[in-house]
Every structure is written in C-alpha cells, then in structure tokens.
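What follows is the content of query35.cif (mmCIF, C-alpha atoms and all ligand atoms).
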data_protein
#
loop_
_atom_site.label_atom_id
_atom_site.label_comp_id
_atom_site.auth_asym_id
_atom_site.auth_seq_id
_atom_site.Cartn_x
_atom_site.Cartn_y
_atom_site.Cartn_z
CA MET A 16 -4.35 -4.03 45.48
CA ASN A 17 -3.71 -4.75 41.77
CA HIS A 18 -0.39 -6.44 42.39
CA LEU A 19 -2.23 -8.90 44.66
CA LEU A 20 -4.69 -9.84 41.97
CA THR A 21 -1.89 -10.70 39.53
CA LYS A 22 -0.44 -13.10 42.06
CA ILE A 23 -3.72 -14.85 42.67
CA SER A 24 -3.15 -17.09 39.65
CA CYS A 25 0.01 -18.45 41.33
CA ASP A 26 -1.59 -21.30 43.14
CA THR A 27 1.07 -22.82 45.35
CA ASP A 28 0.42 -22.97 49.10
CA GLU A 29 3.39 -20.70 49.73
CA ILE A 30 2.19 -17.97 47.35
CA LYS A 31 -1.37 -18.33 48.66
CA LEU A 32 -0.25 -17.76 52.24
CA LYS A 33 2.01 -14.86 51.27
CA THR A 34 -0.76 -13.18 49.25
CA LEU A 35 -3.29 -13.62 52.04
CA ASN A 36 -0.82 -12.13 54.51
CA GLU A 37 -0.31 -9.14 52.20
CA LEU A 38 -4.06 -8.64 51.99
CA LYS A 39 -4.33 -8.96 55.77
CA ASN A 40 -1.58 -6.35 56.27
CA ILE A 41 -3.45 -3.90 54.01
CA CYS A 42 -6.72 -4.68 55.82
CA ASN A 43 -5.09 -4.09 59.23
CA GLN A 44 -4.35 -0.49 58.17
CA CYS A 45 -7.78 0.09 56.58
CA LYS A 46 -9.69 3.29 57.35
CA ALA A 47 -12.17 3.00 54.48
CA CYS A 48 -15.22 3.25 56.75
CA GLU A 49 -16.17 4.73 60.12
CA LEU A 50 -15.78 1.38 61.90
CA SER A 51 -12.01 1.90 61.85
CA LYS A 52 -12.50 4.59 64.51
CA THR A 53 -14.16 2.30 67.06
CA ARG A 54 -12.47 -1.07 66.47
CA THR A 55 -9.84 -2.59 68.73
CA SER A 56 -8.72 -5.16 66.15
CA VAL A 57 -9.28 -5.90 62.50
CA VAL A 58 -10.70 -9.43 62.47
CA PHE A 59 -9.41 -10.95 59.25
CA SER A 60 -9.72 -14.73 59.42
CA ASP A 61 -9.18 -18.03 61.19
CA GLY A 62 -8.66 -21.59 60.01
CA SER A 63 -6.70 -22.92 57.06
CA PRO A 64 -5.99 -21.04 53.79
CA ASN A 65 -5.97 -24.50 52.16
CA ALA A 66 -9.43 -25.44 53.46
CA LYS A 67 -12.08 -26.54 50.99
CA ILE A 68 -14.83 -24.79 52.99
CA MET A 69 -15.04 -21.04 53.54
CA LEU A 70 -17.48 -19.97 56.25
CA ILE A 71 -18.56 -16.33 56.04
CA GLY A 72 -20.28 -14.77 59.04
CA GLU A 73 -21.76 -11.31 59.62
CA ALA A 74 -19.27 -9.16 61.55
CA PRO A 75 -16.98 -9.33 64.59
CA GLY A 76 -18.58 -9.06 68.04
CA ALA A 77 -16.96 -7.90 71.30
CA ASP A 78 -14.89 -11.07 71.88
CA GLU A 79 -13.72 -11.11 68.28
CA ASP A 80 -12.83 -7.40 68.40
CA ALA A 81 -10.80 -8.03 71.56
CA SER A 82 -9.00 -11.12 70.25
CA GLY A 83 -8.74 -10.39 66.51
CA VAL A 84 -10.15 -13.87 65.74
CA PRO A 85 -13.59 -14.55 64.22
CA PHE A 86 -16.18 -16.76 65.96
CA VAL A 87 -14.55 -17.04 69.41
CA GLY A 88 -17.41 -15.75 71.61
CA ARG A 89 -20.42 -17.76 72.79
CA ALA A 90 -21.76 -18.10 69.25
CA GLY A 91 -18.36 -19.23 68.01
CA GLN A 92 -18.10 -21.80 70.79
CA LEU A 93 -21.53 -23.16 69.86
CA LEU A 94 -20.42 -23.31 66.22
CA ASN A 95 -17.35 -25.31 67.31
CA THR A 96 -19.60 -27.78 69.14
CA PHE A 97 -21.78 -28.29 66.06
CA LEU A 98 -18.71 -28.74 63.83
CA GLU A 99 -17.12 -31.24 66.22
CA GLU A 100 -20.35 -33.22 66.51
CA ALA A 101 -20.52 -33.35 62.70
CA GLY A 102 -16.93 -34.64 62.56
CA LEU A 103 -15.63 -31.46 60.93
CA ASP A 104 -12.37 -29.81 61.94
CA ARG A 105 -12.56 -26.01 62.35
CA LYS A 106 -8.79 -25.52 61.93
CA LYS A 107 -8.28 -27.91 59.00
CA ASP A 108 -11.57 -28.01 57.06
CA PHE A 109 -12.51 -24.31 57.30
CA TYR A 110 -11.27 -20.87 56.38
CA ILE A 111 -13.44 -18.54 58.50
CA CYS A 112 -14.08 -14.83 58.01
CA ASN A 113 -16.87 -12.22 58.07
CA THR A 114 -18.51 -9.94 55.52
CA ILE A 115 -16.88 -6.97 57.28
CA LYS A 116 -13.66 -7.04 59.27
CA CYS A 117 -14.34 -4.46 62.03
CA ARG A 118 -16.95 -4.57 64.79
CA PRO A 119 -20.03 -2.37 64.40
CA PRO A 120 -20.82 -0.54 67.69
CA GLN A 121 -23.30 -2.44 69.92
CA ASN A 122 -23.11 -5.32 67.43
CA ARG A 123 -25.58 -3.65 65.11
CA VAL A 124 -26.07 -5.10 61.63
CA PRO A 125 -23.48 -3.71 59.17
CA THR A 126 -24.79 -1.09 56.78
CA ASN A 127 -24.71 -1.64 53.02
CA GLU A 128 -22.07 1.11 52.77
CA GLU A 129 -19.84 -0.69 55.28
CA LYS A 130 -20.30 -3.97 53.45
CA LEU A 131 -19.43 -2.31 50.14
CA SER A 132 -16.35 -0.62 51.64
CA CYS A 133 -15.15 -3.99 52.92
CA GLN A 134 -16.15 -6.09 49.91
CA ALA A 135 -12.72 -6.04 48.23
CA TYR A 136 -11.21 -7.88 51.23
CA LEU A 137 -13.90 -10.56 51.20
CA MET A 138 -13.69 -11.05 47.44
CA GLY A 139 -9.90 -11.10 47.72
CA GLN A 140 -10.12 -13.84 50.35
CA ILE A 141 -12.42 -15.90 48.10
CA SER A 142 -10.11 -15.40 45.08
CA ILE A 143 -6.99 -16.41 46.98
CA VAL A 144 -8.34 -19.28 49.10
CA LYS A 145 -10.39 -20.70 46.19
CA PRO A 146 -12.79 -22.69 48.36
CA LYS A 147 -14.89 -25.49 46.88
CA ILE A 148 -17.74 -24.74 49.28
CA ILE A 149 -18.91 -21.42 50.74
CA LEU A 150 -21.21 -21.36 53.77
CA LEU A 151 -23.12 -18.12 54.26
CA CYS A 152 -23.68 -18.03 57.98
CA GLY A 153 -26.85 -16.05 58.75
CA ALA A 154 -28.99 -13.58 56.79
CA THR A 155 -26.43 -10.74 56.64
CA ALA A 156 -23.80 -12.95 55.01
CA ALA A 157 -26.43 -14.44 52.69
CA ASN A 158 -27.76 -11.10 51.50
CA THR A 159 -24.25 -10.02 50.54
CA PHE A 160 -24.60 -12.50 47.68
CA ILE A 161 -28.36 -12.84 47.17
CA GLU A 162 -30.12 -9.75 45.84
CA GLN A 163 -33.77 -10.78 46.08
CA GLU A 164 -35.73 -10.77 49.37
CA PHE A 165 -35.53 -14.01 51.33
CA LYS A 166 -35.96 -15.51 54.76
CA ILE A 167 -32.94 -17.42 56.00
CA SER A 168 -35.27 -20.20 57.18
CA GLN A 169 -36.46 -20.66 53.58
CA ILE A 170 -33.10 -20.73 51.81
CA ARG A 171 -30.87 -22.50 54.37
CA GLY A 172 -29.83 -26.02 53.59
CA LYS A 173 -30.13 -25.64 49.80
CA TRP A 174 -27.17 -25.62 47.42
CA LEU A 175 -27.30 -22.21 45.76
CA ASN A 176 -26.14 -21.33 42.28
CA ILE A 177 -24.10 -18.17 42.94
CA PHE A 178 -20.60 -18.97 41.65
CA ASP A 179 -19.90 -21.27 38.68
CA ASP A 180 -17.29 -23.35 40.44
CA ILE A 181 -18.20 -23.06 44.14
CA ASP A 182 -21.06 -24.84 45.93
CA VAL A 183 -22.77 -22.30 48.19
CA MET A 184 -25.14 -22.98 51.09
CA ALA A 185 -26.73 -20.61 53.60
CA ILE A 186 -26.90 -21.89 57.18
CA PHE A 187 -28.24 -20.47 60.44
CA HIS A 188 -25.93 -18.17 62.38
CA PRO A 189 -24.94 -19.74 65.72
CA SER A 190 -26.11 -16.62 67.58
CA TYR A 191 -29.65 -17.51 66.40
CA LEU A 192 -29.13 -21.04 67.70
CA LEU A 193 -28.06 -19.64 71.09
CA ARG A 194 -31.62 -18.34 71.42
CA ASN A 195 -33.22 -21.61 70.23
CA HIS A 196 -32.36 -24.55 72.46
CA SER A 197 -34.74 -27.23 71.20
CA LEU A 198 -33.28 -30.29 69.47
CA GLU A 199 -36.67 -31.53 68.33
CA GLN A 200 -37.13 -32.58 64.74
CA GLY A 201 -37.60 -29.45 62.60
CA SER A 202 -36.08 -27.08 65.19
CA PRO A 203 -33.24 -24.71 64.11
CA ARG A 204 -30.60 -26.80 65.94
CA TRP A 205 -31.94 -30.01 64.34
CA LEU A 206 -31.84 -28.32 60.91
CA MET A 207 -28.26 -27.09 61.52
CA LYS A 208 -27.17 -30.67 62.22
CA LYS A 209 -28.88 -31.81 59.04
CA ASP A 210 -27.18 -29.03 57.00
CA LEU A 211 -23.76 -29.94 58.41
CA GLU A 212 -24.37 -33.58 57.41
CA SER A 213 -25.01 -32.59 53.81
CA ILE A 214 -21.96 -30.27 53.88
CA LYS A 215 -19.84 -33.17 55.14
CA ASN A 216 -21.19 -35.41 52.37
CA LYS A 217 -20.37 -32.73 49.79
CA LEU A 218 -16.86 -32.48 51.21
CA LYS A 219 -16.43 -36.27 50.83
CA GLU A 220 -17.58 -36.05 47.20
CA LEU A 221 -14.89 -33.45 46.56
CA GLU A 222 -12.07 -35.58 48.02
S1 LIG A 301 -14.92 -2.68 58.20
FE1 LIG A 301 -13.67 -3.15 56.39
S2 LIG A 301 -13.77 -1.28 55.15
FE2 LIG A 301 -14.39 -0.71 57.24
S3 LIG A 301 -12.48 -0.04 58.24
FE3 LIG A 301 -12.78 -2.22 58.70
S4 LIG A 301 -11.55 -3.28 57.14
FE4 LIG A 301 -11.90 -1.18 56.40
#
Show me this structure written as structure tokens.
Amino acid sequence: MNHLLTKISCDTDEIKLKTLNELKNICNQCKACELSKTRTSVVFSDGSPNAKIMLIGEAPGADEDASGVPFVGRAGQLLNTFLEEAGLDRKKDFYICNTIKCRPPQNRVPTNEEKLSCQAYLMGQISIVKPKIILLCGATAANTFIEQEFKISQIRGKWLNIFDDIDVMAIFHPSYLLRNHSLEQGSPRWLMKKDLESIKNKLKELE
C-alpha cells in the first residue's frame, strides 16, 4: 500500500478519487481476517470523497453485506431521516464507512483483532478524504479512537481532541435509536437531533 500513501499528498479531486478506488480494489480482495470467509460483499464506503464530514459506523449488517453499501438497512434509513430533518445531505455532505469492511456473523461486535486487521483501510480513507469533521457513530467506532473506558451517553455530543486538524464527535448509532422511540427532551432521539444541529453549525463555520 506504500505507493498509495505517496499519492495521498496529491490533493486534486481526480487523484483523490483514483487513490480511493485503488484502496477499494485492494480492500475488495482482502483476506486479512476470518470475516473474508463469510462475507458476501466488502462494504467500503458511500457518499462523497469530497465531503467535509466522515461518518464512521461499526460494521456492515445483513443488508449492507448484500448490497455492498454502508447504512442501507433499517438503521441506515433512520439515519437518513435524521440527516434530512437536520438539512444535511447524505450524498453530498458525508463520506460514510465503517471501522471494518466485512460483516461479522450474526452482527456480533467486531473483535479487536478484526479491527486491527482492517485499520489500514480506515486510516487510508481518512488520509485520502481529509475530512474536516469525523463522526464516530456508536461505541464501537468511538472506542477505535478512544483508549480509556467510556459510556457513549457520556461522551456523545462533545467535540473531542483526537486529531490536530479534524473536529471529532461521537454520536449515537441509529440502531440504538431504533430501540428508543421517545422524542421527549433528553431522550436519545432528542439528543441526536441536538448533536446534528451542532454538527451543521460546525459545517457552516468551515464554509
Ligand atoms: S474485515 Fe477488513 S481486514 Fe477483515 S477481510 Fe474484511 S477488509 Fe480484510
């Protein structure tokens, strides 16, 4: 993958797209962990490589494994609804991916070994896309970057100091919101709306 890293400094849209496609082609052939034996598709990304926001989820589920696209199942559809209500455009404002690119059987949480095996792809995506904002969607995505113990309910909604030049926020995963229907003040769905408001404000500041 070294030749990819040398190209990352070439920052035109054309080179960015070409380099991402090269990384995706390598990823599509990947057999670095056991999940390669049970996957239907490698689920690399969705959205725009030129987006200012990168949303990182946990892992593909059954619908994503079948389609090869992240966040297309029920949780993904709920995410779309929240984004639309916040006036954010999934295809234009976001580059969307997961911490690992292949579905764990029965949607179990990815192991640390699987996350480590897949880390080069995620870090490659961050290096190439160069987002201004990263959203860590759910606890599994958050603990890829945060070493100390935390509860997602305690850290969500705060701007975290993880990268020097990227604003990072943890948010609830939409699959958690599927199990929590209340819109009352202080409820997870209410907090998600609030977080998306502050993300939209941050995006405006960056424009
Ligand atoms: S999960 Fe990542 S490391 Fe494992 S086979 Fe898929 S692409 Fe390779």
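Here CA of Glu49 (chain A) is placed at a distance of 11.7 Å from CA of Lys130 (chain A).
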Task: Shell of 10 Å around ligand LIG 301 (chain A) (all atoms listed in the file), written as a PyMOL selection string - done: chain A and resi 39+41-54+56-59+74-75+113-119+125+128-137
Task: Surrounding residues of Asn65 (chain A) excluding itself and chain neighbours under 5 positions, 9 Å, all atoms listed in the file, as a PyMOL selection string - done: chain A and resi 28+31-32+107-110+144-146
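Put simply, CA of Ile148 (chain A) is 14.3 Å away from CA of Arg171 (chain A).
Compared by their closest atoms to Glu79 (chain A), and using all atoms listed in the file, the residues A:Gln200, A:Leu221, A:Tyr191, A:Cys112 rank with A:Cys112 nearest.
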